[in-house]
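Trainee: Sharing a structure, written as structure tokens. Questions coming.
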Amino acid sequence: MVKIILKEITKKFGDFTALDNINLEIDDREFMALLGPSGSGKSTLLYTIAGIYKPTSGRIYFDDRDVTEIPPKDRNVGLVFQNWALYPHMKVFDNIAFPLELRKVPKQEIEKKVREVAKMLHIENLLDRYPWQLSGGQQQRVAIARALVKEPDVLLLDEPLSNLDALLRIEVRAELKRLQKELGITAVYVTHDQAEALAMADRIAVIREGKILQVGTPDDVYYKPKYKFVGGFLGNPPMNFVEAEVENGYLRVYESRIPVPAQYKGLIEKLDIKEVLLGFRPHDAEVVKGISEGLVGEVYSFEPLGREQIVTVSVNSGAFVKVFAPEGEHFTFGEKVTVKIREDRIVLFDKKTEKALEFLGE
Amino acid sequence: MKDVETRPSRYEWVIILAILLASLPLILGFSLLVLSSFSKEMVTNLDLSSFRFTLENWINVFQGKLATTGGIRTNILKVTFNTLIVALGVAGVVTFISALAGYSLSRIDFRGRKHMMVLLLILHAFPGVALIVGVYLLYRLTFPQSPDIIRLYSFFYVILARAALEIPMSVWLMKGFFDTIPWEFEWSGIIDGASRIKVWWKIMLPLIKPGILAVALFAFLAGWQDIIYVRTFLIDQTLATFIEANIEAEYSHMPLIAAAGTLYLLPTIIFFLTAQQILLQGYSGGIKG
Ligand SMILES: Nc1ncnc2c1ncn2[C@@H]1O[C@H](COP(=O)(O)OP(=O)(O)OP(=O)(O)O)[C@@H](O)[C@H]1O
Ligand SMILES: [Mg+2]
């Protein structure tokens, strides 16, 4: 129930810069996902918000309060660790009660609150077990209960679902999102799973090598990636990229030509750019048999996925692109095809900086 | 077919045989000692021809008699009690200090931490006998004037001195145990509002219980068995010095000393019979990642 403001946060471990000038605002009651590959600094950022790490420079505010120098226990945050960190020598009840006991909450109230939060997470019947007597999914609920029982202003979650199996993960993520909205709690959720971030978050901050590349709604980062990296990190399969040259109003990919999309016409002239990366999502194109207008190539492979199939096309230029096709269509290996891309969904990146053209000026 | 991990090696029996052969002299020695304590005469032959069962030795030991005839008496219960005080004292001091020092060496990045760890290893390599002159000097210098407390002081001193010998290795061991605990446990406690010392007490110590038990047991045995330091500093006798003092005395009856010796060995024997369960007992699940 606070707004979190990170101002120019840098965190160094010795010579290594784990966080590099991070600026981020997380609104009250917002569900913010920190998305990035392994080692990008997500956990470090989360721990910095919690107060476990002190930033090397920069300030952290909760609303107007500067909490940079304030110890973790006075920030009123709940943290769910990647490995859950349940105390193995305490029963589930005592695990959940631990934060309250430290606050010297009266016994009866502890009892009441623990049962309340346990009920909310459907673990009432597990209270007198030890953590090692629980399944992974149950342990994870206990960890969330322990973080929630002290009614924190901020809930911080570090890949809490990464130890669960795929089906359970999908079930829990819907529940978690609902819980966060019901409690009206500000949440920061660390994950390297783009599907999780897209499904749960109000906004996503994409992190790579300690830098925030882009912050935006799931739609924003999905359809308007600021960097090639963002496009390539989100989506399954991710965005396709093909090198193209700009030539009198056309994008030339080897022998194929595509008209420059309308939304880019002015920009390309203004920037006077010759070499670009053409990006498009697998469901924003279709595969047409034979040679026509579009990216010409041949079928490299196809993978049926039930309702649809993924066709991998080896484009003449040597690149491979993946495109969704309806289930009924039949392809053969090596068949000549043309990939027709939805013009309005095309994203063009500068080949050198790998930044989307519309953000080049920034 | 058995699980891979639990499948014994094909040469297991060879190894077992080798171990048995290597420990045969020890096992024989111990067995003869225990047998002698129940015999009228010492059992020194494997054919047991001299064995004649009696409980007399044990009765005499507990009555404090040192000879079957004669009137010299030592209160063996009190000697045993002294031994216990020294052993428990050493165990207590060593466990307490190494649990604290091990934690800080494992978790706190203070100045000179690395040097301290190297220093501890060097200290461990120092034999206790080599230090005894200096330790004795300190003993004389600090020796109290008042005769009322000199006995107490000698206990106090021998416990500290003997513990000091055990501490370097125990701190290393303890540091190793703390190192195995993921940081998240500690952070979790700190975020929930616990102080560092509370985290240590409520979260870390329970997690390394088997380690603490091991360190405490080793320290206990060290105190129980010690002879040089006890002999030098302690005014009273412990089992070790008692046996040593009587083993060559003319009036002593050897089977009786054997009974005292068995008493002396008892903790060690119990410890090695139960050690595996104690040391291997840990939390099988729970700690992940
Ligand atoms: N205490 C530390 N000392 C030195 N380097 C560290 C420390 N903690 C993290 N790092 C480094 O900082 C970088 C970011 O680590 P961090 O744990 O934040 O990554 P992450 O994004 O959470 O990755 P993952 O998804 O694997 O958990 C890594 O390169 C890591 O090696
Ligand atoms: Mg991490």
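Naming works like this for the structure tokens: A, B, ... for the chains as they're shown, residue 1 at the start of each chain, ligands 1 onward in shown order.
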Would you mind listing what lies within 6 Å of segment 307-314 of chain A as a list in words, with only C-alpha atoms counted and same-chain residues fewer than 5 positions away left out?
Mentor: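 Counting only C-alpha atoms, the residues come to Gly297, Glu298, Val299, Tyr300, Ser301, Phe302, Ala319, Phe320, Val321, Lys322, Val323, Phe324, Ala325, Pro326 and Glu327 of chain A.
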Trainee: Residues of chain A within 9 Å of chain B, using only C-alpha atoms, as an NGL selection string?
Mentor: :A and (50-52 or 71-89 or 98-100 or 102-103 or 130-134 or 147 or 150)
Trainee: I'd like a table as a tab-separated table: residues in chain A with an atom no more than 12 Å from ligand 1, each row giving the shortest atom pair and its distance in Å to one decimal, only C-alpha atoms and all ligand atoms counted, sorted by chain and rising residue number.
Mentor:
```
residue	atom	partner	partner_atom_place_in_ligand_line	distance
A:Thr10	CA	ligand 1	12 (O)	11.7
A:Lys11	CA	ligand 1	12 (O)	8.9
A:Lys12	CA	ligand 1	5 (N)	7.9
A:Phe13	CA	ligand 1	4 (C)	4.7
A:Gly14	CA	ligand 1	4 (C)	7.1
A:Asp15	CA	ligand 1	4 (C)	9.0
A:Phe16	CA	ligand 1	5 (N)	6.8
A:Thr17	CA	ligand 1	12 (O)	7.3
A:Ala18	CA	ligand 1	12 (O)	4.5
A:Leu19	CA	ligand 1	14 (C)	7.7
A:Asp20	CA	ligand 1	14 (C)	10.9
A:Leu34	CA	ligand 1	21 (O)	8.9
A:Leu35	CA	ligand 1	21 (O)	8.3
A:Gly36	CA	ligand 1	21 (O)	6.3
A:Pro37	CA	ligand 1	25 (O)	5.9
A:Ser38	CA	ligand 1	25 (O)	3.5
A:Gly39	CA	ligand 1	19 (O)	3.5
A:Ser40	CA	ligand 1	21 (O)	3.9
A:Gly41	CA	ligand 1	18 (O)	3.1
A:Lys42	CA	ligand 1	21 (O)	3.8
A:Ser43	CA	ligand 1	22 (O)	3.6
A:Thr44	CA	ligand 1	18 (O)	3.7
A:Leu45	CA	ligand 1	18 (O)	6.4
A:Leu46	CA	ligand 1	18 (O)	7.9
A:Tyr47	CA	ligand 1	18 (O)	8.3
A:Thr48	CA	ligand 1	18 (O)	9.7
A:Ile52	CA	ligand 1	1 (N)	10.5
A:Tyr53	CA	ligand 1	1 (N)	8.7
A:Lys54	CA	ligand 1	1 (N)	11.3
A:Phe81	CA	ligand 1	27 (O)	10.2
A:Gln82	CA	ligand 1	27 (O)	7.7
A:Asn83	CA	ligand 1	27 (O)	10.4
A:Leu157	CA	ligand 1	22 (O)	11.2
A:Asp158	CA	ligand 1	22 (O)	7.8
A:Glu159	CA	ligand 1	27 (O)	7.7
A:Pro160	CA	ligand 1	27 (O)	10.9
A:Ser162	CA	ligand 1	25 (O)	9.8
A:Tyr189	CA	ligand 1	22 (O)	11.3
A:Val190	CA	ligand 1	22 (O)	7.7
A:Thr191	CA	ligand 1	25 (O)	6.9
A:His192	CA	ligand 1	25 (O)	5.9
A:Asp193	CA	ligand 1	25 (O)	9.4
A:Val206	CA	ligand 1	21 (O)	10.7
A:Ile207	CA	ligand 1	21 (O)	8.0
A:Arg208	CA	ligand 1	21 (O)	8.2
A:Glu209	CA	ligand 1	14 (C)	7.6
A:Gly210	CA	ligand 1	14 (C)	7.1
A:Lys211	CA	ligand 1	14 (C)	10.8
A:Ile212	CA	ligand 1	21 (O)	11.7
```
Trainee: Name all residues at most 10 Å from Tyr136 of chain B (count only C-alpha atoms; drop same-chain ones fewer than 6 positions away) and give them as a PDB file with N, CA and C atoms, in the first residue's frame.
Mentor:
```pdb
ATOM      1  N   THR B 142      48.022 -15.666  37.933  1.00  0.00           N
ATOM      2  CA  THR B 142      46.637 -15.337  38.250  1.00  0.00           C
ATOM      3  C   THR B 142      46.125 -16.108  39.455  1.00  0.00           C
ATOM      4  N   ALA B 161      41.709 -23.532  29.942  1.00  0.00           N
ATOM      5  CA  ALA B 161      42.935 -23.875  29.227  1.00  0.00           C
ATOM      6  C   ALA B 161      42.696 -25.036  28.266  1.00  0.00           C
ATOM      7  N   TYR B 229      46.881 -31.546  31.094  1.00  0.00           N
ATOM      8  CA  TYR B 229      46.417 -30.269  31.637  1.00  0.00           C
ATOM      9  C   TYR B 229      45.795 -30.442  33.014  1.00  0.00           C
ATOM     10  N   THR B 232      48.480 -30.952  35.532  1.00  0.00           N
ATOM     11  CA  THR B 232      49.252 -29.753  35.818  1.00  0.00           C
ATOM     12  C   THR B 232      48.461 -28.719  36.624  1.00  0.00           C
ATOM     13  N   PHE B 233      47.207 -28.568  36.300  1.00  0.00           N
ATOM     14  CA  PHE B 233      46.492 -27.410  36.853  1.00  0.00           C
ATOM     15  C   PHE B 233      45.461 -27.760  37.913  1.00  0.00           C
TER      16      PHE B 233
END
```
Trainee: Which residues are near segment 163-173 of chain B? Cut-off 8 Å, only C-alpha atoms, ignore same chain within fewer than 4 positions. Put them as a list in words.
Mentor: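 That gives Val90, Ala91, Val93, Val94, Thr95, Ile97, Ser98, Ala99, Ala101, Gly102, Met117, Leu120, Leu121, Leu123, His124, Gly128, Ile159, Phe177, Gly211, Val215, Ala219, Ala222 and Gly223 of chain B.
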Trainee: Would you mind exporting N, CA and C atoms of the selected residues as a JSON list (two decimals), in the first residue's frame?
Mentor:
```
[["chain", "number", "residue", "atom", "x", "y", "z"],
["B", 90, "VAL", "N", 34.44, -27.97, 29.65],
["B", 90, "VAL", "CA", 35.13, -27.82, 28.36],
["B", 90, "VAL", "C", 34.11, -27.84, 27.23],
["B", 91, "ALA", "N", 33.18, -28.79, 27.29],
["B", 91, "ALA", "CA", 32.17, -28.89, 26.23],
["B", 91, "ALA", "C", 31.37, -27.59, 26.15],
["B", 93, "VAL", "N", 32.11, -24.47, 27.21],
["B", 93, "VAL", "CA", 32.89, -23.31, 26.74],
["B", 93, "VAL", "C", 33.17, -23.43, 25.24],
["B", 94, "VAL", "N", 33.62, -24.60, 24.84],
["B", 94, "VAL", "CA", 33.97, -24.80, 23.42],
["B", 94, "VAL", "C", 32.75, -24.60, 22.53],
["B", 95, "THR", "N", 31.63, -25.20, 22.92],
["B", 95, "THR", "CA", 30.44, -25.11, 22.08],
["B", 95, "THR", "C", 29.96, -23.67, 21.97],
["B", 97, "ILE", "N", 31.59, -20.80, 22.49],
["B", 97, "ILE", "CA", 32.50, -19.92, 21.75],
["B", 97, "ILE", "C", 32.55, -20.26, 20.27],
["B", 98, "SER", "N", 32.60, -21.54, 19.95],
["B", 98, "SER", "CA", 32.73, -21.87, 18.54],
["B", 98, "SER", "C", 31.42, -21.64, 17.79],
["B", 99, "ALA", "N", 30.29, -21.73, 18.48],
["B", 99, "ALA", "CA", 29.02, -21.43, 17.81],
["B", 99, "ALA", "C", 28.95, -19.95, 17.46],
["B", 101, "ALA", "N", 31.75, -17.84, 17.26],
["B", 101, "ALA", "CA", 32.85, -17.48, 16.37],
["B", 101, "ALA", "C", 32.63, -18.06, 14.98],
["B", 102, "GLY", "N", 32.15, -19.30, 14.93],
["B", 102, "GLY", "CA", 31.90, -19.93, 13.64],
["B", 102, "GLY", "C", 30.88, -19.15, 12.84],
["B", 117, "MET", "N", 41.27, -16.95, 10.13],
["B", 117, "MET", "CA", 41.03, -18.34, 9.83],
["B", 117, "MET", "C", 42.34, -19.11, 9.66],
["B", 120, "LEU", "N", 43.82, -19.66, 13.05],
["B", 120, "LEU", "CA", 43.15, -20.74, 13.78],
["B", 120, "LEU", "C", 43.74, -22.09, 13.42],
["B", 121, "LEU", "N", 44.00, -22.25, 12.13],
["B", 121, "LEU", "CA", 44.58, -23.52, 11.68],
["B", 121, "LEU", "C", 45.96, -23.74, 12.30],
["B", 123, "LEU", "N", 47.08, -22.42, 15.04],
["B", 123, "LEU", "CA", 46.88, -22.68, 16.47],
["B", 123, "LEU", "C", 46.52, -24.13, 16.72],
["B", 124, "HIS", "N", 45.68, -24.65, 15.82],
["B", 124, "HIS", "CA", 45.26, -26.03, 15.98],
["B", 124, "HIS", "C", 46.46, -26.98, 15.88],
["B", 128, "GLY", "N", 49.35, -29.18, 22.58],
["B", 128, "GLY", "CA", 49.07, -28.61, 23.89],
["B", 128, "GLY", "C", 50.26, -28.66, 24.83],
["B", 159, "ILE", "N", 39.52, -25.80, 32.87],
["B", 159, "ILE", "CA", 38.47, -25.85, 31.85],
["B", 159, "ILE", "C", 38.79, -24.85, 30.73],
["B", 177, "PHE", "N", 29.72, -25.75, 9.20],
["B", 177, "PHE", "CA", 28.28, -26.04, 9.32],
["B", 177, "PHE", "C", 27.45, -24.82, 8.95],
["B", 211, "GLY", "N", 25.61, -30.58, 14.04],
["B", 211, "GLY", "CA", 26.96, -30.06, 14.10],
["B", 211, "GLY", "C", 27.33, -29.63, 15.51],
["B", 215, "VAL", "N", 30.38, -31.16, 17.86],
["B", 215, "VAL", "CA", 31.43, -30.33, 18.48],
["B", 215, "VAL", "C", 31.40, -30.51, 20.00],
["B", 219, "ALA", "N", 34.41, -32.12, 22.34],
["B", 219, "ALA", "CA", 34.98, -31.32, 23.43],
["B", 219, "ALA", "C", 34.81, -32.03, 24.76],
["B", 222, "ALA", "N", 37.34, -34.68, 25.00],
["B", 222, "ALA", "CA", 38.66, -34.10, 25.20],
["B", 222, "ALA", "C", 38.87, -33.76, 26.67],
["B", 223, "GLY", "N", 37.84, -33.17, 27.28],
["B", 223, "GLY", "CA", 37.93, -32.83, 28.69],
["B", 223, "GLY", "C", 37.96, -34.07, 29.56]]
```
Trainee: Can you pull out every residue within 8 Å of Val158 of chain B, counting only C-alpha atoms, but drop anything in the same chain fewer than 4 positions away, and send it as a list in words?
Mentor: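 These residues fall inside the cut-off: Val86, Ser154, Arg162, Tyr229, Val230, Phe233 and Leu234 of chain B.
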Trainee: Rounded to one decimal, what separation in Å do you get between atom CA of Gly361 of chain A and atom CA of Phe349 of chain A?
Mentor: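 Distance reported for this atom pair: 12.4 Å.
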Trainee: Report as an NGL selection string: the residues of segment 149-322 of chain A with a DSSP assignment of strand (DSSP E), based on the backbone of this structure.
Mentor: :A and (154-158 or 186-191 or 203-208 or 211-216 or 240-247 or 250-253 or 256-259 or 275-280 or 285-289 or 295-304 or 308-315 or 320-322)
Trainee: Just asking: which residues within segment 42-141 of chain B are helix (DSSP H, G or I) according to DSSP, as a ChimeraX atom specification?
Mentor: /B:56-63,76-107,113-125,128-141
Trainee: Quick one: residues within 6 Å of Trp224 of chain B, only C-alpha atoms counted, chain neighbours fewer than 3 positions away excluded, as an mmCIF file with all heavy atoms, in the first residue's frame?
Mentor:
```cif
data_model
loop_
_atom_site.group_PDB
_atom_site.id
_atom_site.type_symbol
_atom_site.label_atom_id
_atom_site.label_comp_id
_atom_site.auth_asym_id
_atom_site.auth_seq_id
_atom_site.Cartn_x
_atom_site.Cartn_y
_atom_site.Cartn_z
ATOM 1 N N THR B 83 35.614 -35.291 37.039
ATOM 2 C CA THR B 83 35.838 -35.517 35.612
ATOM 3 C C THR B 83 34.684 -34.939 34.808
ATOM 4 O O THR B 83 34.874 -34.290 33.777
ATOM 5 C CB THR B 83 35.940 -37.022 35.317
ATOM 6 O OG1 THR B 83 36.692 -37.639 36.352
ATOM 7 C CG2 THR B 83 36.605 -37.269 33.983
ATOM 8 N N ALA B 87 34.808 -32.125 31.989
ATOM 9 C CA ALA B 87 34.353 -32.460 30.635
ATOM 10 C C ALA B 87 33.194 -31.567 30.207
ATOM 11 O O ALA B 87 33.193 -31.013 29.105
ATOM 12 C CB ALA B 87 33.952 -33.925 30.567
ATOM 13 N N LEU B 221 34.645 -35.245 25.296
ATOM 14 C CA LEU B 221 35.615 -36.342 25.373
ATOM 15 C C LEU B 221 37.016 -35.813 25.621
ATOM 16 O O LEU B 221 37.790 -36.401 26.380
ATOM 17 C CB LEU B 221 35.585 -37.161 24.079
ATOM 18 C CG LEU B 221 34.337 -38.029 23.905
ATOM 19 C CD1 LEU B 221 34.435 -38.831 22.622
ATOM 20 C CD2 LEU B 221 34.152 -38.948 25.096
#
```
Trainee: Write out as number ranges by chain which residues come within 12 Å of Lys352 of chain A when counting only C-alpha atoms, dropping same-chain ones fewer than 3 positions away.
Mentor: A: 227-228, 243, 273-277, 349, 355-357, 360
Trainee: To one decimal place, how far is atom CA of Asp27 of chain A from atom CA of Ile70 of chain A in Å?
Mentor: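 According to the coordinates, atom CA of Asp27 of chain A and atom CA of Ile70 of chain A are separated by 20.4 Å.
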Trainee: Any idea what the distance is between atom CA of Leu32 of chain B and atom CA of Leu84 of chain B?
Mentor: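 Between atom CA of Leu32 of chain B and atom CA of Leu84 of chain B the gap is 25.4 Å.
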Trainee: With the cut-off set at 12 Å and counting only C-alpha atoms, tabulate each residue of segment 243-311 of chain A with an atom at most that distance from an atom of segment 216-224 of chain A, showing the nearest atom pair and its distance in Å to one decimal, ordered by chain and increasing number, as a tab-separated table.
Mentor:
```
residue	atom	partner	partner_atom	distance
A:Gly279	CA	A:Tyr223	CA	10.3
A:Phe280	CA	A:Tyr223	CA	8.9
A:Arg281	CA	A:Tyr223	CA	8.4
A:Pro282	CA	A:Tyr223	CA	11.8
A:His283	CA	A:Tyr223	CA	11.5
A:Asp284	CA	A:Tyr223	CA	10.4
```
